[in-house]
Amino acid sequence: MAETKQFKAESKRLLDMMINSIYTHKEIFLREIISNASDAIDKLYFKSLTDTSVGLNKDDFAINIIVDKDARTLTVSDNGIGMTAEELENNLGTIASSGSLAFKTDNELGEDVDIIGQFGVGFYSTFMVAKEVTVLTRAYGSDKAYKWVSDGVEGYTIEECDKETVGTDVILSLKDDTDDEKYGKYLEQYQIQSLVKKYSDYIRFPIKMDVEHTNYSEDSDEPEKTVTNDILNSMTPIWKKNKAELTDEDYNNFYTEKFMDYTPPLTHIHSKTEGTATYDALLYIPSRAPFDYYSKDYEKGLQLYSSGVMIMEKCADLLPDHFSFVKGLVDSEDLSLNISREMLQHDRQLKIIAKNIEKSIKNELTKMLKNDREKYEKFFDVFGLQFKFGIYQSYGTAADSVKDLLMFASSFKPETKEGEEAKPAGKVTLAEYVDRMKEDQKYIYYACGESAAKIELLPAFEKVRDKGYEVLYFTQDVDEFAIKAMMTYKEKQFKSITDSDLDIESEEEKEETKKTAEESKDMLTFMKDALDGKVKEVRLSTRLKSHPVCLSSEGQVSIEMEKVLNSMPQNEKNRVTAQKSLELNASHPVFAKLRELYDTDKDKLAEYAKLLYSQALLIEGLSVENPVEFADLICKLMV
Ligand code: ADP
C-alpha cells in the first residue's frame, strides 16, 4: 500500500479555498488539463525535432478525451513528455508559486477573487469537479511509470504502476450530482465538444474523442447511430487566423487561457508583418496589474514561437521595460528552432521585431489616448508609473516612446459655464500643458507633494497660480526623477515651484525686491549666520504672496528628492541634502518685525530666524532638526 503524503501547507489552504468554490467557473478545469497536456506534448515534440530516438512524428501527437459514463470518469490522455516520480511529487504535490500566497490573507480574499488566475494552479482546478483524481504517467526516457491519486483534501499517494506508453493520463472521478450542481454534465458529449471549442480550439495538437453521430436515412425509420473518433479543435493557433474571423470574445478567451488572467484585457493588438522581419504578433494590454507587478519578482517578456513551436516562455528582449506590462506572443519563421538564449540576444531579426513591437504598442496607446480618454486614464492609473520608472531607469532614453503618453494631475480647472456642474479636473498630458502655456511662460512648472491638497498649500503655489501658470502635481516619488532624466519636453524645461530662480516676477517687482534686499542686506546676513550653515542664503522672495517664509533649493538635488532618497534604506548612511535657501516675504508683517529686531534685539532676531527656518521645513514636509528647541522657542513666545 502506498504511503499517503500531505500537501504542503499553502497548497492545502489554496485547495480548500478553491474547492469551496471561490472561483465559480468550474468548467475551466478541462481547459487547464488540456493545456497541461498540450505543454507536455510541446516539450516532447520539440525534443523529437532534434532527437530521432523519440520515434514520433508531428502527426503522432494527440490528446485523447475518454468518457466512461458508468464509472463517471473523464480521462484526458496525452503522449507528451510525462513525469518522473520526482516531478510528479514536485509538480502536483506543491504549488510552484506557493510563496506568493503570503501576499493575500484569507480575509483579503473577497467573493470573486480568482486564485487560479493569480497563482497558476491549473491542475488543482480539477478538484472543483472531481472527488478523486488519478494521474498515470511515464516520463520520456524512463521505463518506470507511476500512479498519483488524491482526493484533493487528505493528501496524495504515489506508487509504481504499469503504463505501456510515454505520456500522462489524468482521470477524474466526478463528484456526485447535487441539487445545485450537476457534475455529470461533464460526461456529456455536447458539453465537452463546446468546452473544447470555447477554450482550447487553438491547441496545436488534435484533441480527439469518440463522438456519436445520429444519421437519419430515408430507408429506415430508426435513426442510425455511428461512432467516430473526431478531432474537436480546429488546431489553427488564433494568431495565425484572420482578424476578420475573430471576435473580441475569441481574443479574450485566448488571453484568459494563456495568461491566467481572468479579467478581460483592456485591448489587444494582432498584427502580421512581412518585410525585413516576418512574424505574427498577438499582444494584450491587461486591465490590471499582476499582484507582483511593481516588485522585483515580476518577469517581463513575450512568448516566442518559431513557426508555431514555442521556443521560449518569456523572451524579455522583446519588450522594453516601459512596456513590461504587455502580455502576448510572437511567432516568426525567421528564428531557428535551436537558437539558444545567448544567441537570441544578439539576433538581428529579434532586434528588429522588438523595435516594431515597441512601436505598435506605442501607437495603440496613443490611439487609445486620443479616442477613448476614459479608458486610457484607467490604463494610466494602473501602469503609468511604469512609464516614469522606464524613463528614469533608462536615463531618459525611454522618453521618446512614452513622453507623449505621460499624464499628471494639475492646477488646471476646466471652465464651467453658469449653471453647469463643475467638471472634474482630470489629468493632463504634457502636450496639453504646453499647448495652453501663457505667452510669457518659459517653463513647465511642477510641484512635488503627497497629494494635490498638500501641494496647493505650498507657499510658492499661490503666486505661480496667480500668474495664470498651470502647475503639474507630482505626487509619486518617481515623478521628479523621471522628468529630470527627460530634461525637456518640446524644448521646454521643467521647473519646480520650489526652485530658487523661479523667474515669474515682473521687472518692477524685481527692482522693488532688489531695493529692499539692498536695505536689508546686513540683517539677512545676520540671520544666515544665526542659522549656522543650515542654509546657503537667507534672501527675499519674489514668489510668496501671503506666507511669510519658504525654502528653495538649487542644483541637482531638490528638496523633494532629498526626501525620497533619504527614505530609501540603502541611503541610511549616506544622507543626501538639497542645497537650501530660506526665503522671506518682504511684504509680510513678520518681515517688518525682523527689521525692527535687527536694530533693537539681535538675540531675539537669531531665535526668530530659527523659528522661521523650522516653519519652512515643516511646510515642505521635512522634519524639524531640533524639535525640542523649536518647542521651547514657541513657548518663549507665548509667555
Ligand atoms: P502550471 O501548468 O501553471 O505550471 P499546473 O498545476 O497546471 O500548473 O501543473 C503543474 C505542473 O505539473 C506543470 O507545470 C507540469 O510540469 C506538470 N504537469 C501537469 N500536467 C502534466 C502532463 N499532462 N504532462 C506532464 N506534466 C504535467
# chains A, B, ... in the order shown; residues from 1 in each chain; ligands from 1
>>> closest_atom_pairs(of="chain A", to="ligand 1", cutoff="8 Å", atoms="only C-alpha atoms and all ligand atoms", output="JSON lines")
{"residue": "A:Glu32", "atom": "CA", "partner": "ligand 1", "partner_atom_place_in_ligand_line": "7 (O)", "distance": 6.2}
{"residue": "A:Ile33", "atom": "CA", "partner": "ligand 1", "partner_atom_place_in_ligand_line": "20 (N)", "distance": 6.4}
{"residue": "A:Ile34", "atom": "CA", "partner": "ligand 1", "partner_atom_place_in_ligand_line": "23 (N)", "distance": 7.6}
{"residue": "A:Ser35", "atom": "CA", "partner": "ligand 1", "partner_atom_place_in_ligand_line": "2 (O)", "distance": 7.4}
{"residue": "A:Asn36", "atom": "CA", "partner": "ligand 1", "partner_atom_place_in_ligand_line": "20 (N)", "distance": 4.5}
{"residue": "A:Ala37", "atom": "CA", "partner": "ligand 1", "partner_atom_place_in_ligand_line": "23 (N)", "distance": 4.0}
{"residue": "A:Ser38", "atom": "CA", "partner": "ligand 1", "partner_atom_place_in_ligand_line": "23 (N)", "distance": 7.5}
{"residue": "A:Asp39", "atom": "CA", "partner": "ligand 1", "partner_atom_place_in_ligand_line": "24 (N)", "distance": 7.3}
{"residue": "A:Ala40", "atom": "CA", "partner": "ligand 1", "partner_atom_place_in_ligand_line": "24 (N)", "distance": 4.6}
{"residue": "A:Ile41", "atom": "CA", "partner": "ligand 1", "partner_atom_place_in_ligand_line": "24 (N)", "distance": 7.6}
{"residue": "A:Ser77", "atom": "CA", "partner": "ligand 1", "partner_atom_place_in_ligand_line": "23 (N)", "distance": 7.4}
{"residue": "A:Asp78", "atom": "CA", "partner": "ligand 1", "partner_atom_place_in_ligand_line": "23 (N)", "distance": 6.4}
{"residue": "A:Gly80", "atom": "CA", "partner": "ligand 1", "partner_atom_place_in_ligand_line": "24 (N)", "distance": 6.2}
{"residue": "A:Ile81", "atom": "CA", "partner": "ligand 1", "partner_atom_place_in_ligand_line": "25 (C)", "distance": 5.9}
{"residue": "A:Gly82", "atom": "CA", "partner": "ligand 1", "partner_atom_place_in_ligand_line": "25 (C)", "distance": 4.4}
{"residue": "A:Met83", "atom": "CA", "partner": "ligand 1", "partner_atom_place_in_ligand_line": "25 (C)", "distance": 5.4}
{"residue": "A:Glu87", "atom": "CA", "partner": "ligand 1", "partner_atom_place_in_ligand_line": "16 (O)", "distance": 7.2}
{"residue": "A:Leu88", "atom": "CA", "partner": "ligand 1", "partner_atom_place_in_ligand_line": "12 (O)", "distance": 7.1}
{"residue": "A:Asn90", "atom": "CA", "partner": "ligand 1", "partner_atom_place_in_ligand_line": "12 (O)", "distance": 7.9}
{"residue": "A:Asn91", "atom": "CA", "partner": "ligand 1", "partner_atom_place_in_ligand_line": "12 (O)", "distance": 4.3}
{"residue": "A:Leu92", "atom": "CA", "partner": "ligand 1", "partner_atom_place_in_ligand_line": "12 (O)", "distance": 5.6}
{"residue": "A:Ile95", "atom": "CA", "partner": "ligand 1", "partner_atom_place_in_ligand_line": "6 (O)", "distance": 6.7}
{"residue": "A:Ala96", "atom": "CA", "partner": "ligand 1", "partner_atom_place_in_ligand_line": "4 (O)", "distance": 7.1}
{"residue": "A:Phe119", "atom": "CA", "partner": "ligand 1", "partner_atom_place_in_ligand_line": "3 (O)", "distance": 7.9}
{"residue": "A:Gly120", "atom": "CA", "partner": "ligand 1", "partner_atom_place_in_ligand_line": "3 (O)", "distance": 4.4}
{"residue": "A:Val121", "atom": "CA", "partner": "ligand 1", "partner_atom_place_in_ligand_line": "6 (O)", "distance": 4.3}
{"residue": "A:Gly122", "atom": "CA", "partner": "ligand 1", "partner_atom_place_in_ligand_line": "7 (O)", "distance": 3.6}
{"residue": "A:Phe123", "atom": "CA", "partner": "ligand 1", "partner_atom_place_in_ligand_line": "7 (O)", "distance": 3.7}
{"residue": "A:Tyr124", "atom": "CA", "partner": "ligand 1", "partner_atom_place_in_ligand_line": "6 (O)", "distance": 5.9}
{"residue": "A:Thr137", "atom": "CA", "partner": "ligand 1", "partner_atom_place_in_ligand_line": "24 (N)", "distance": 7.5}
{"residue": "A:Gly167", "atom": "CA", "partner": "ligand 1", "partner_atom_place_in_ligand_line": "24 (N)", "distance": 6.5}
{"residue": "A:Thr168", "atom": "CA", "partner": "ligand 1", "partner_atom_place_in_ligand_line": "23 (N)", "distance": 5.1}
{"residue": "A:Asp169", "atom": "CA", "partner": "ligand 1", "partner_atom_place_in_ligand_line": "23 (N)", "distance": 6.9}
{"residue": "A:Val170", "atom": "CA", "partner": "ligand 1", "partner_atom_place_in_ligand_line": "23 (N)", "distance": 7.0}
>>> residues_around(residues="segment 545-558 of chain A", least_positions_apart="4", cutoff="7 Å", atoms="only C-alpha atoms", output="list in words")
Pro459, Glu462, Lys463, Thr498, Asp499, Ser500, Glu562, Ala578, Gln579, Lys580, Ser581, Leu582, Glu583, Leu584, Asn585, His588, Val590, Leu612 and Ala616 of chain A
>>> write_last_selection(atoms="N, CA, C and O atoms", output="tab-separated table (two decimals), in the first residue's frame")
chain	number	residue	atom	x	y	z
A	459	PRO	N	3.70	77.38	0.01
A	459	PRO	CA	3.75	78.84	-0.03
A	459	PRO	C	3.95	79.40	-1.43
A	459	PRO	O	3.34	80.41	-1.79
A	462	GLU	N	0.70	79.78	-4.57
A	462	GLU	CA	-0.23	80.89	-4.81
A	462	GLU	C	0.22	81.82	-5.94
A	462	GLU	O	-0.54	82.17	-6.83
A	463	LYS	N	1.47	82.21	-5.83
A	463	LYS	CA	1.99	83.21	-6.74
A	463	LYS	C	2.02	82.69	-8.19
A	463	LYS	O	1.66	83.39	-9.12
A	498	THR	N	9.59	75.20	-6.18
A	498	THR	CA	10.49	75.48	-5.06
A	498	THR	C	11.91	75.78	-5.54
A	498	THR	O	12.81	75.92	-4.73
A	499	ASP	N	12.11	75.87	-6.84
A	499	ASP	CA	13.43	76.23	-7.37
A	499	ASP	C	13.75	77.68	-7.00
A	499	ASP	O	12.85	78.52	-6.95
A	500	SER	N	15.04	77.97	-6.79
A	500	SER	CA	15.36	79.32	-6.35
A	500	SER	C	15.10	80.37	-7.44
A	500	SER	O	14.61	81.45	-7.18
A	562	GLU	N	15.50	65.00	-1.93
A	562	GLU	CA	16.15	64.73	-0.64
A	562	GLU	C	15.25	63.81	0.19
A	562	GLU	O	15.70	62.82	0.76
A	578	ALA	N	19.60	68.64	0.00
A	578	ALA	CA	19.46	69.64	-1.05
A	578	ALA	C	20.11	70.93	-0.55
A	578	ALA	O	20.16	71.19	0.66
A	579	GLN	N	20.62	71.71	-1.49
A	579	GLN	CA	21.18	73.00	-1.10
A	579	GLN	C	20.02	73.98	-0.92
A	579	GLN	O	19.35	74.35	-1.89
A	580	LYS	N	19.79	74.38	0.32
A	580	LYS	CA	18.56	75.15	0.59
A	580	LYS	C	18.86	76.63	0.88
A	580	LYS	O	19.90	76.98	1.39
A	581	SER	N	17.88	77.45	0.53
A	581	SER	CA	17.91	78.84	0.95
A	581	SER	C	16.60	79.15	1.65
A	581	SER	O	15.57	78.57	1.33
A	582	LEU	N	16.68	80.06	2.63
A	582	LEU	CA	15.46	80.49	3.30
A	582	LEU	C	15.00	81.78	2.64
A	582	LEU	O	15.77	82.73	2.52
A	583	GLU	N	13.76	81.79	2.19
A	583	GLU	CA	13.25	82.99	1.53
A	583	GLU	C	12.22	83.68	2.40
A	583	GLU	O	11.35	83.04	2.99
A	584	LEU	N	12.32	84.99	2.48
A	584	LEU	CA	11.40	85.78	3.30
A	584	LEU	C	10.49	86.63	2.42
A	584	LEU	O	10.91	87.12	1.38
A	585	ASN	N	9.27	86.78	2.88
A	585	ASN	CA	8.31	87.60	2.16
A	585	ASN	C	8.36	89.04	2.72
A	585	ASN	O	7.92	89.29	3.84
A	588	HIS	N	5.25	90.80	4.15
A	588	HIS	CA	4.55	90.20	5.28
A	588	HIS	C	4.89	90.97	6.56
A	588	HIS	O	6.04	91.40	6.72
A	590	VAL	N	5.60	90.03	9.41
A	590	VAL	CA	6.73	89.43	10.12
A	590	VAL	C	8.04	90.07	9.69
A	590	VAL	O	8.95	90.28	10.50
A	612	LEU	N	11.59	80.58	12.04
A	612	LEU	CA	11.12	80.67	10.66
A	612	LEU	C	11.68	79.53	9.81
A	612	LEU	O	10.99	78.95	8.97
A	616	ALA	N	9.56	76.68	7.85
A	616	ALA	CA	9.73	76.41	6.42
A	616	ALA	C	9.96	74.92	6.18
A	616	ALA	O	9.43	74.34	5.23
>>> residues_around(residues="Phe526 of chain A", least_positions_apart="4", cutoff="12 Å", atoms="only C-alpha atoms", output="list of chain:residue names")
A:Ser520, A:Lys521, A:Asp522, A:Ala530, A:Leu531, A:Asp532, A:Gly533, A:Glu537, A:Val538, A:Arg539, A:Leu594, A:Arg595, A:Leu597, A:Tyr598, A:Asp599, A:Lys602, A:Asp603, A:Lys604, A:Leu605, A:Ala606, A:Glu607, A:Tyr608, A:Ala609, A:Lys610
>>> write_last_selection(atoms="N, CA, C and O atoms", output="compact mmCIF listing (two decimals), in the first residue's frame")
# COMPACT_ATOMS: atom_id res chain seq x y z
N SER A 520 18.21 95.58 3.40
CA SER A 520 18.17 94.59 4.49
C SER A 520 19.38 93.67 4.48
O SER A 520 19.39 92.65 5.16
N LYS A 521 20.35 94.00 3.66
CA LYS A 521 21.47 93.10 3.45
C LYS A 521 22.11 92.60 4.76
O LYS A 521 22.29 91.39 4.96
N ASP A 522 22.40 93.52 5.65
CA ASP A 522 23.07 93.14 6.89
C ASP A 522 22.21 92.21 7.74
O ASP A 522 22.70 91.25 8.33
N ALA A 530 23.05 83.16 11.95
CA ALA A 530 22.35 82.58 13.10
C ALA A 530 21.92 81.15 12.81
O ALA A 530 21.78 80.33 13.71
N LEU A 531 21.70 80.86 11.53
CA LEU A 531 21.26 79.50 11.17
C LEU A 531 22.45 78.54 11.00
O LEU A 531 22.25 77.36 10.70
N ASP A 532 23.63 79.05 11.17
CA ASP A 532 24.78 78.20 11.38
C ASP A 532 25.00 77.17 10.27
O ASP A 532 25.12 75.97 10.53
N GLY A 533 25.01 77.64 9.04
CA GLY A 533 25.34 76.75 7.92
C GLY A 533 24.21 75.88 7.41
O GLY A 533 24.38 75.09 6.49
N GLU A 537 21.77 80.63 2.01
CA GLU A 537 21.47 82.05 1.94
C GLU A 537 20.12 82.33 2.59
O GLU A 537 19.24 81.47 2.57
N VAL A 538 20.00 83.51 3.17
CA VAL A 538 18.66 83.99 3.54
C VAL A 538 18.40 85.17 2.62
O VAL A 538 19.22 86.08 2.53
N ARG A 539 17.30 85.10 1.88
CA ARG A 539 17.07 86.18 0.92
C ARG A 539 15.60 86.52 0.79
O ARG A 539 14.74 85.82 1.34
N LEU A 594 11.13 91.70 11.85
CA LEU A 594 12.53 91.28 11.78
C LEU A 594 13.44 92.50 11.65
O LEU A 594 14.48 92.60 12.31
N ARG A 595 13.02 93.40 10.79
CA ARG A 595 13.81 94.62 10.59
C ARG A 595 13.98 95.39 11.90
O ARG A 595 15.06 95.87 12.24
N LEU A 597 13.76 94.19 14.93
CA LEU A 597 14.61 93.46 15.87
C LEU A 597 16.09 93.62 15.55
O LEU A 597 16.94 93.60 16.44
N TYR A 598 16.37 93.74 14.27
CA TYR A 598 17.78 93.89 13.89
C TYR A 598 18.39 95.11 14.57
O TYR A 598 19.55 95.11 14.96
N ASP A 599 17.55 96.15 14.72
CA ASP A 599 18.06 97.35 15.38
C ASP A 599 17.97 97.28 16.89
O ASP A 599 18.76 97.90 17.60
N LYS A 602 19.09 91.74 18.78
CA LYS A 602 19.65 90.76 17.84
C LYS A 602 19.49 89.32 18.35
O LYS A 602 19.36 88.39 17.57
N ASP A 603 19.52 89.15 19.69
CA ASP A 603 19.34 87.80 20.23
C ASP A 603 18.00 87.23 19.81
O ASP A 603 17.86 86.08 19.41
N LYS A 604 16.99 88.09 19.93
CA LYS A 604 15.65 87.67 19.56
C LYS A 604 15.58 87.39 18.05
O LYS A 604 14.95 86.43 17.62
N LEU A 605 16.24 88.20 17.28
CA LEU A 605 16.25 88.00 15.82
C LEU A 605 16.85 86.63 15.49
O LEU A 605 16.34 85.91 14.63
N ALA A 606 17.90 86.25 16.20
CA ALA A 606 18.51 84.94 15.97
C ALA A 606 17.51 83.82 16.26
O ALA A 606 17.40 82.85 15.51
N GLU A 607 16.74 83.99 17.33
CA GLU A 607 15.71 82.99 17.66
C GLU A 607 14.62 82.94 16.60
O GLU A 607 14.15 81.88 16.20
N TYR A 608 14.23 84.11 16.14
CA TYR A 608 13.19 84.16 15.11
C TYR A 608 13.67 83.50 13.81
O TYR A 608 12.90 82.85 13.11
N ALA A 609 14.94 83.68 13.53
CA ALA A 609 15.49 83.04 12.32
C ALA A 609 15.32 81.52 12.42
O ALA A 609 14.87 80.87 11.48
N LYS A 610 15.63 80.99 13.62
CA LYS A 610 15.48 79.54 13.82
C LYS A 610 14.03 79.10 13.70
O LYS A 610 13.71 78.07 13.10
>>> residues_around(residues="Glu313 of chain A", least_positions_apart="5", cutoff="9 Å", atoms="only C-alpha atoms", output="mmCIF file with N, CA, C and O atoms, in the first residue's frame")
data_model
loop_
_atom_site.group_PDB
_atom_site.id
_atom_site.type_symbol
_atom_site.label_atom_id
_atom_site.label_comp_id
_atom_site.auth_asym_id
_atom_site.auth_seq_id
_atom_site.Cartn_x
_atom_site.Cartn_y
_atom_site.Cartn_z
ATOM 1 N N GLY A 301 8.177 39.849 -20.524
ATOM 2 C CA GLY A 301 8.542 39.030 -21.678
ATOM 3 C C GLY A 301 7.351 38.571 -22.483
ATOM 4 O O GLY A 301 6.222 38.551 -22.004
ATOM 5 N N LEU A 302 7.613 38.231 -23.731
ATOM 6 C CA LEU A 302 6.580 37.681 -24.610
ATOM 7 C C LEU A 302 6.951 36.238 -24.924
ATOM 8 O O LEU A 302 8.129 35.885 -24.945
ATOM 9 N N GLN A 303 5.924 35.434 -25.176
ATOM 10 C CA GLN A 303 6.214 34.060 -25.602
ATOM 11 C C GLN A 303 6.763 34.115 -27.015
ATOM 12 O O GLN A 303 6.279 34.870 -27.851
ATOM 13 N N LEU A 304 7.740 33.282 -27.244
ATOM 14 C CA LEU A 304 8.361 33.301 -28.560
ATOM 15 C C LEU A 304 8.169 31.956 -29.254
ATOM 16 O O LEU A 304 8.499 30.908 -28.689
ATOM 17 N N TYR A 305 7.599 32.006 -30.452
ATOM 18 C CA TYR A 305 7.387 30.806 -31.243
ATOM 19 C C TYR A 305 8.210 30.900 -32.517
ATOM 20 O O TYR A 305 8.392 31.975 -33.079
#
>>> closest_residue(among="A:Glu470, A:Glu159, A:Glu512, A:Asp372", to="Ile444 of chain A", atoms="only C-alpha atoms")
A:Glu470
>>> atom_distance(atom1="atom CA of Pro265 of chain A", atom2="atom CA of Leu385 of chain A")
18.5 Å
>>> atom_distance(atom1="atom CA of Ala316 of chain A", atom2="atom CA of Ile353 of chain A")
12.5 Å
>>> residues_around(residues="Phe127 of chain A", least_positions_apart="2", cutoff="9 Å", atoms="only C-alpha atoms", output="list in words")
Leu15, Met18, Ile19, Phe29, Phe123, Tyr124, Ser125, Val129, Ala130, Lys131, Glu132, Val133, Asp151, Gly152, Leu172, Leu174 and Lys175 of chain A
>>> write_last_selection(atoms="C-alpha atoms", output="PDB file, in the first residue's frame")
ATOM      1  CA  LEU A  15      -7.156  23.819  -2.285  1.00  0.00           C
ATOM      2  CA  MET A  18     -10.664  26.774  -4.413  1.00  0.00           C
ATOM      3  CA  ILE A  19     -12.768  23.717  -3.890  1.00  0.00           C
ATOM      4  CA  PHE A  29     -10.854  22.632 -15.264  1.00  0.00           C
ATOM      5  CA  PHE A 123      -4.110  21.292 -12.174  1.00  0.00           C
ATOM      6  CA  TYR A 124      -5.818  21.809  -8.837  1.00  0.00           C
ATOM      7  CA  SER A 125      -8.898  23.138 -10.546  1.00  0.00           C
ATOM      8  CA  VAL A 129     -15.427  18.878 -10.192  1.00  0.00           C
ATOM      9  CA  ALA A 130     -13.716  15.623  -9.184  1.00  0.00           C
ATOM     10  CA  LYS A 131     -13.881  13.783  -5.887  1.00  0.00           C
ATOM     11  CA  GLU A 132     -10.778  11.867  -6.813  1.00  0.00           C
ATOM     12  CA  VAL A 133      -8.071  12.451  -9.393  1.00  0.00           C
ATOM     13  CA  ASP A 151      -8.998  13.318  -3.191  1.00  0.00           C
ATOM     14  CA  GLY A 152      -7.653  16.860  -3.001  1.00  0.00           C
ATOM     15  CA  LEU A 172     -11.214  12.473 -12.980  1.00  0.00           C
ATOM     16  CA  LEU A 174     -16.544  13.273 -10.998  1.00  0.00           C
ATOM     17  CA  LYS A 175     -18.314  14.387  -7.842  1.00  0.00           C
TER      18      LYS A 175
END
>>> atom_distance(atom1="atom CA of Asp317 of chain A", atom2="atom CA of Leu344 of chain A")
8.6 Å
>>> closest_residue(among="A:Glu560, A:Ser332, A:Lys534, A:Ala399", to="Val624 of chain A", atoms="only C-alpha atoms")
A:Lys534
>>> closest_residue(among="A:Leu187, A:Ala482, A:Ala139, A:Leu195", to="Glu27 of chain A", atoms="only C-alpha atoms")
A:Leu195
>>> closest_residue(among="A:Tyr190, A:Tyr140, A:Tyr183, A:Tyr443", to="Ser48 of chain A", atoms="only C-alpha atoms")
A:Tyr140
>>> select_by_dssp(residues="segment 224-307 of chain A", states="helix (DSSP H, G or I)", output="list in words")
Ile238, Trp239, Lys240, Lys243, Ala244, Glu245, Asp248, Glu249, Asp250, Tyr251, Asn252, Asn253, Phe254, Tyr255, Thr256, Glu257, Lys258 and Phe259 of chain A
>>> residues_around(residues="Leu502 of chain A", least_positions_apart="6", cutoff="10 Å", atoms="only C-alpha atoms", output="PDB file with N, CA and C atoms, in the first residue's frame")
ATOM      1  N   TYR A 443       8.646  78.116 -18.666  1.00  0.00           N
ATOM      2  CA  TYR A 443       8.890  76.771 -18.141  1.00  0.00           C
ATOM      3  C   TYR A 443       7.611  75.954 -17.979  1.00  0.00           C
ATOM      4  N   TYR A 445       5.930  74.268 -15.172  1.00  0.00           N
ATOM      5  CA  TYR A 445       6.057  74.292 -13.714  1.00  0.00           C
ATOM      6  C   TYR A 445       5.459  73.046 -13.086  1.00  0.00           C
ATOM      7  N   ALA A 460       4.768  78.751  -2.231  1.00  0.00           N
ATOM      8  CA  ALA A 460       5.070  79.316  -3.539  1.00  0.00           C
ATOM      9  C   ALA A 460       3.946  79.084  -4.548  1.00  0.00           C
ATOM     10  N   VAL A 464       2.449  81.422  -8.328  1.00  0.00           N
ATOM     11  CA  VAL A 464       2.522  80.837  -9.667  1.00  0.00           C
ATOM     12  C   VAL A 464       1.109  80.715 -10.253  1.00  0.00           C
ATOM     13  N   LYS A 495      10.397  73.162 -14.330  1.00  0.00           N
ATOM     14  CA  LYS A 495      10.861  73.915 -13.179  1.00  0.00           C
ATOM     15  C   LYS A 495       9.964  73.672 -11.974  1.00  0.00           C
ATOM     16  N   SER A 496      10.615  73.323 -10.881  1.00  0.00           N
ATOM     17  CA  SER A 496       9.864  73.113  -9.647  1.00  0.00           C
ATOM     18  C   SER A 496       9.520  74.467  -9.056  1.00  0.00           C
ATOM     19  N   SER A 541      12.092  86.899  -1.086  1.00  0.00           N
ATOM     20  CA  SER A 541      11.429  86.038  -2.051  1.00  0.00           C
ATOM     21  C   SER A 541      10.571  86.856  -2.993  1.00  0.00           C
ATOM     22  N   THR A 542      10.462  86.370  -4.213  1.00  0.00           N
ATOM     23  CA  THR A 542       9.545  87.016  -5.147  1.00  0.00           C
ATOM     24  C   THR A 542       8.362  86.112  -5.397  1.00  0.00           C
ATOM     25  N   ARG A 543       8.355  84.976  -4.760  1.00  0.00           N
ATOM     26  CA  ARG A 543       7.318  84.013  -5.099  1.00  0.00           C
ATOM     27  C   ARG A 543       6.288  83.861  -4.004  1.00  0.00           C
ATOM     28  N   SER A 552      13.847  77.252  -0.652  1.00  0.00           N
ATOM     29  CA  SER A 552      14.030  76.963  -2.068  1.00  0.00           C
ATOM     30  C   SER A 552      15.311  76.165  -2.191  1.00  0.00           C
TER      31      SER A 552
END
>>> residues_around(residues="Ser394 of chain A", least_positions_apart="4", cutoff="10 Å", atoms="only C-alpha atoms", output="PyMOL selection string")
chain A and resi 320-322+388-390+398-399+482+485-486
>>> write_last_selection(atoms="N, CA, C and O atoms", output="JSON list (two decimals), in the first residue's frame")
[["chain", "number", "residue", "atom", "x", "y", "z"],
["A", 320, "PRO", "N", 10.56, 46.40, -24.12],
["A", 320, "PRO", "CA", 11.31, 47.36, -23.32],
["A", 320, "PRO", "C", 10.69, 47.46, -21.92],
["A", 320, "PRO", "O", 9.52, 47.15, -21.74],
["A", 321, "ASP", "N", 11.48, 47.90, -20.95],
["A", 321, "ASP", "CA", 10.99, 47.97, -19.58],
["A", 321, "ASP", "C", 9.74, 48.82, -19.42],
["A", 321, "ASP", "O", 8.86, 48.51, -18.63],
["A", 322, "HIS", "N", 9.67, 49.90, -20.19],
["A", 322, "HIS", "CA", 8.50, 50.77, -20.01],
["A", 322, "HIS", "C", 7.21, 50.13, -20.52],
["A", 322, "HIS", "O", 6.14, 50.61, -20.20],
["A", 388, "LYS", "N", 7.21, 56.11, -16.00],
["A", 388, "LYS", "CA", 8.13, 57.01, -15.31],
["A", 388, "LYS", "C", 9.37, 56.24, -14.85],
["A", 388, "LYS", "O", 10.49, 56.73, -14.99],
["A", 389, "PHE", "N", 9.17, 55.05, -14.31],
["A", 389, "PHE", "CA", 10.33, 54.22, -13.95],
["A", 389, "PHE", "C", 11.18, 53.98, -15.19],
["A", 389, "PHE", "O", 12.40, 54.03, -15.14],
["A", 390, "GLY", "N", 10.49, 53.70, -16.29],
["A", 390, "GLY", "CA", 11.20, 53.41, -17.54],
["A", 390, "GLY", "C", 12.09, 54.58, -17.96],
["A", 390, "GLY", "O", 13.25, 54.39, -18.32],
["A", 398, "ALA", "N", 14.07, 56.20, -22.74],
["A", 398, "ALA", "CA", 12.72, 55.68, -22.98],
["A", 398, "ALA", "C", 11.73, 56.81, -23.26],
["A", 398, "ALA", "O", 10.62, 56.57, -23.72],
["A", 399, "ALA", "N", 12.14, 58.04, -22.98],
["A", 399, "ALA", "CA", 11.21, 59.16, -23.10],
["A", 399, "ALA", "C", 10.63, 59.28, -24.50],
["A", 399, "ALA", "O", 9.46, 59.61, -24.67],
["A", 482, "ALA", "N", 11.99, 61.20, -12.94],
["A", 482, "ALA", "CA", 11.73, 60.90, -14.35],
["A", 482, "ALA", "C", 11.90, 62.15, -15.21],
["A", 482, "ALA", "O", 12.58, 62.11, -16.25],
["A", 485, "ALA", "N", 15.41, 63.13, -15.70],
["A", 485, "ALA", "CA", 16.12, 62.30, -16.68],
["A", 485, "ALA", "C", 15.71, 62.71, -18.09],
["A", 485, "ALA", "O", 16.46, 62.59, -19.04],
["A", 486, "MET", "N", 14.51, 63.20, -18.22],
["A", 486, "MET", "CA", 13.97, 63.55, -19.53],
["A", 486, "MET", "C", 14.46, 64.93, -19.96],
["A", 486, "MET", "O", 14.54, 65.23, -21.14]]
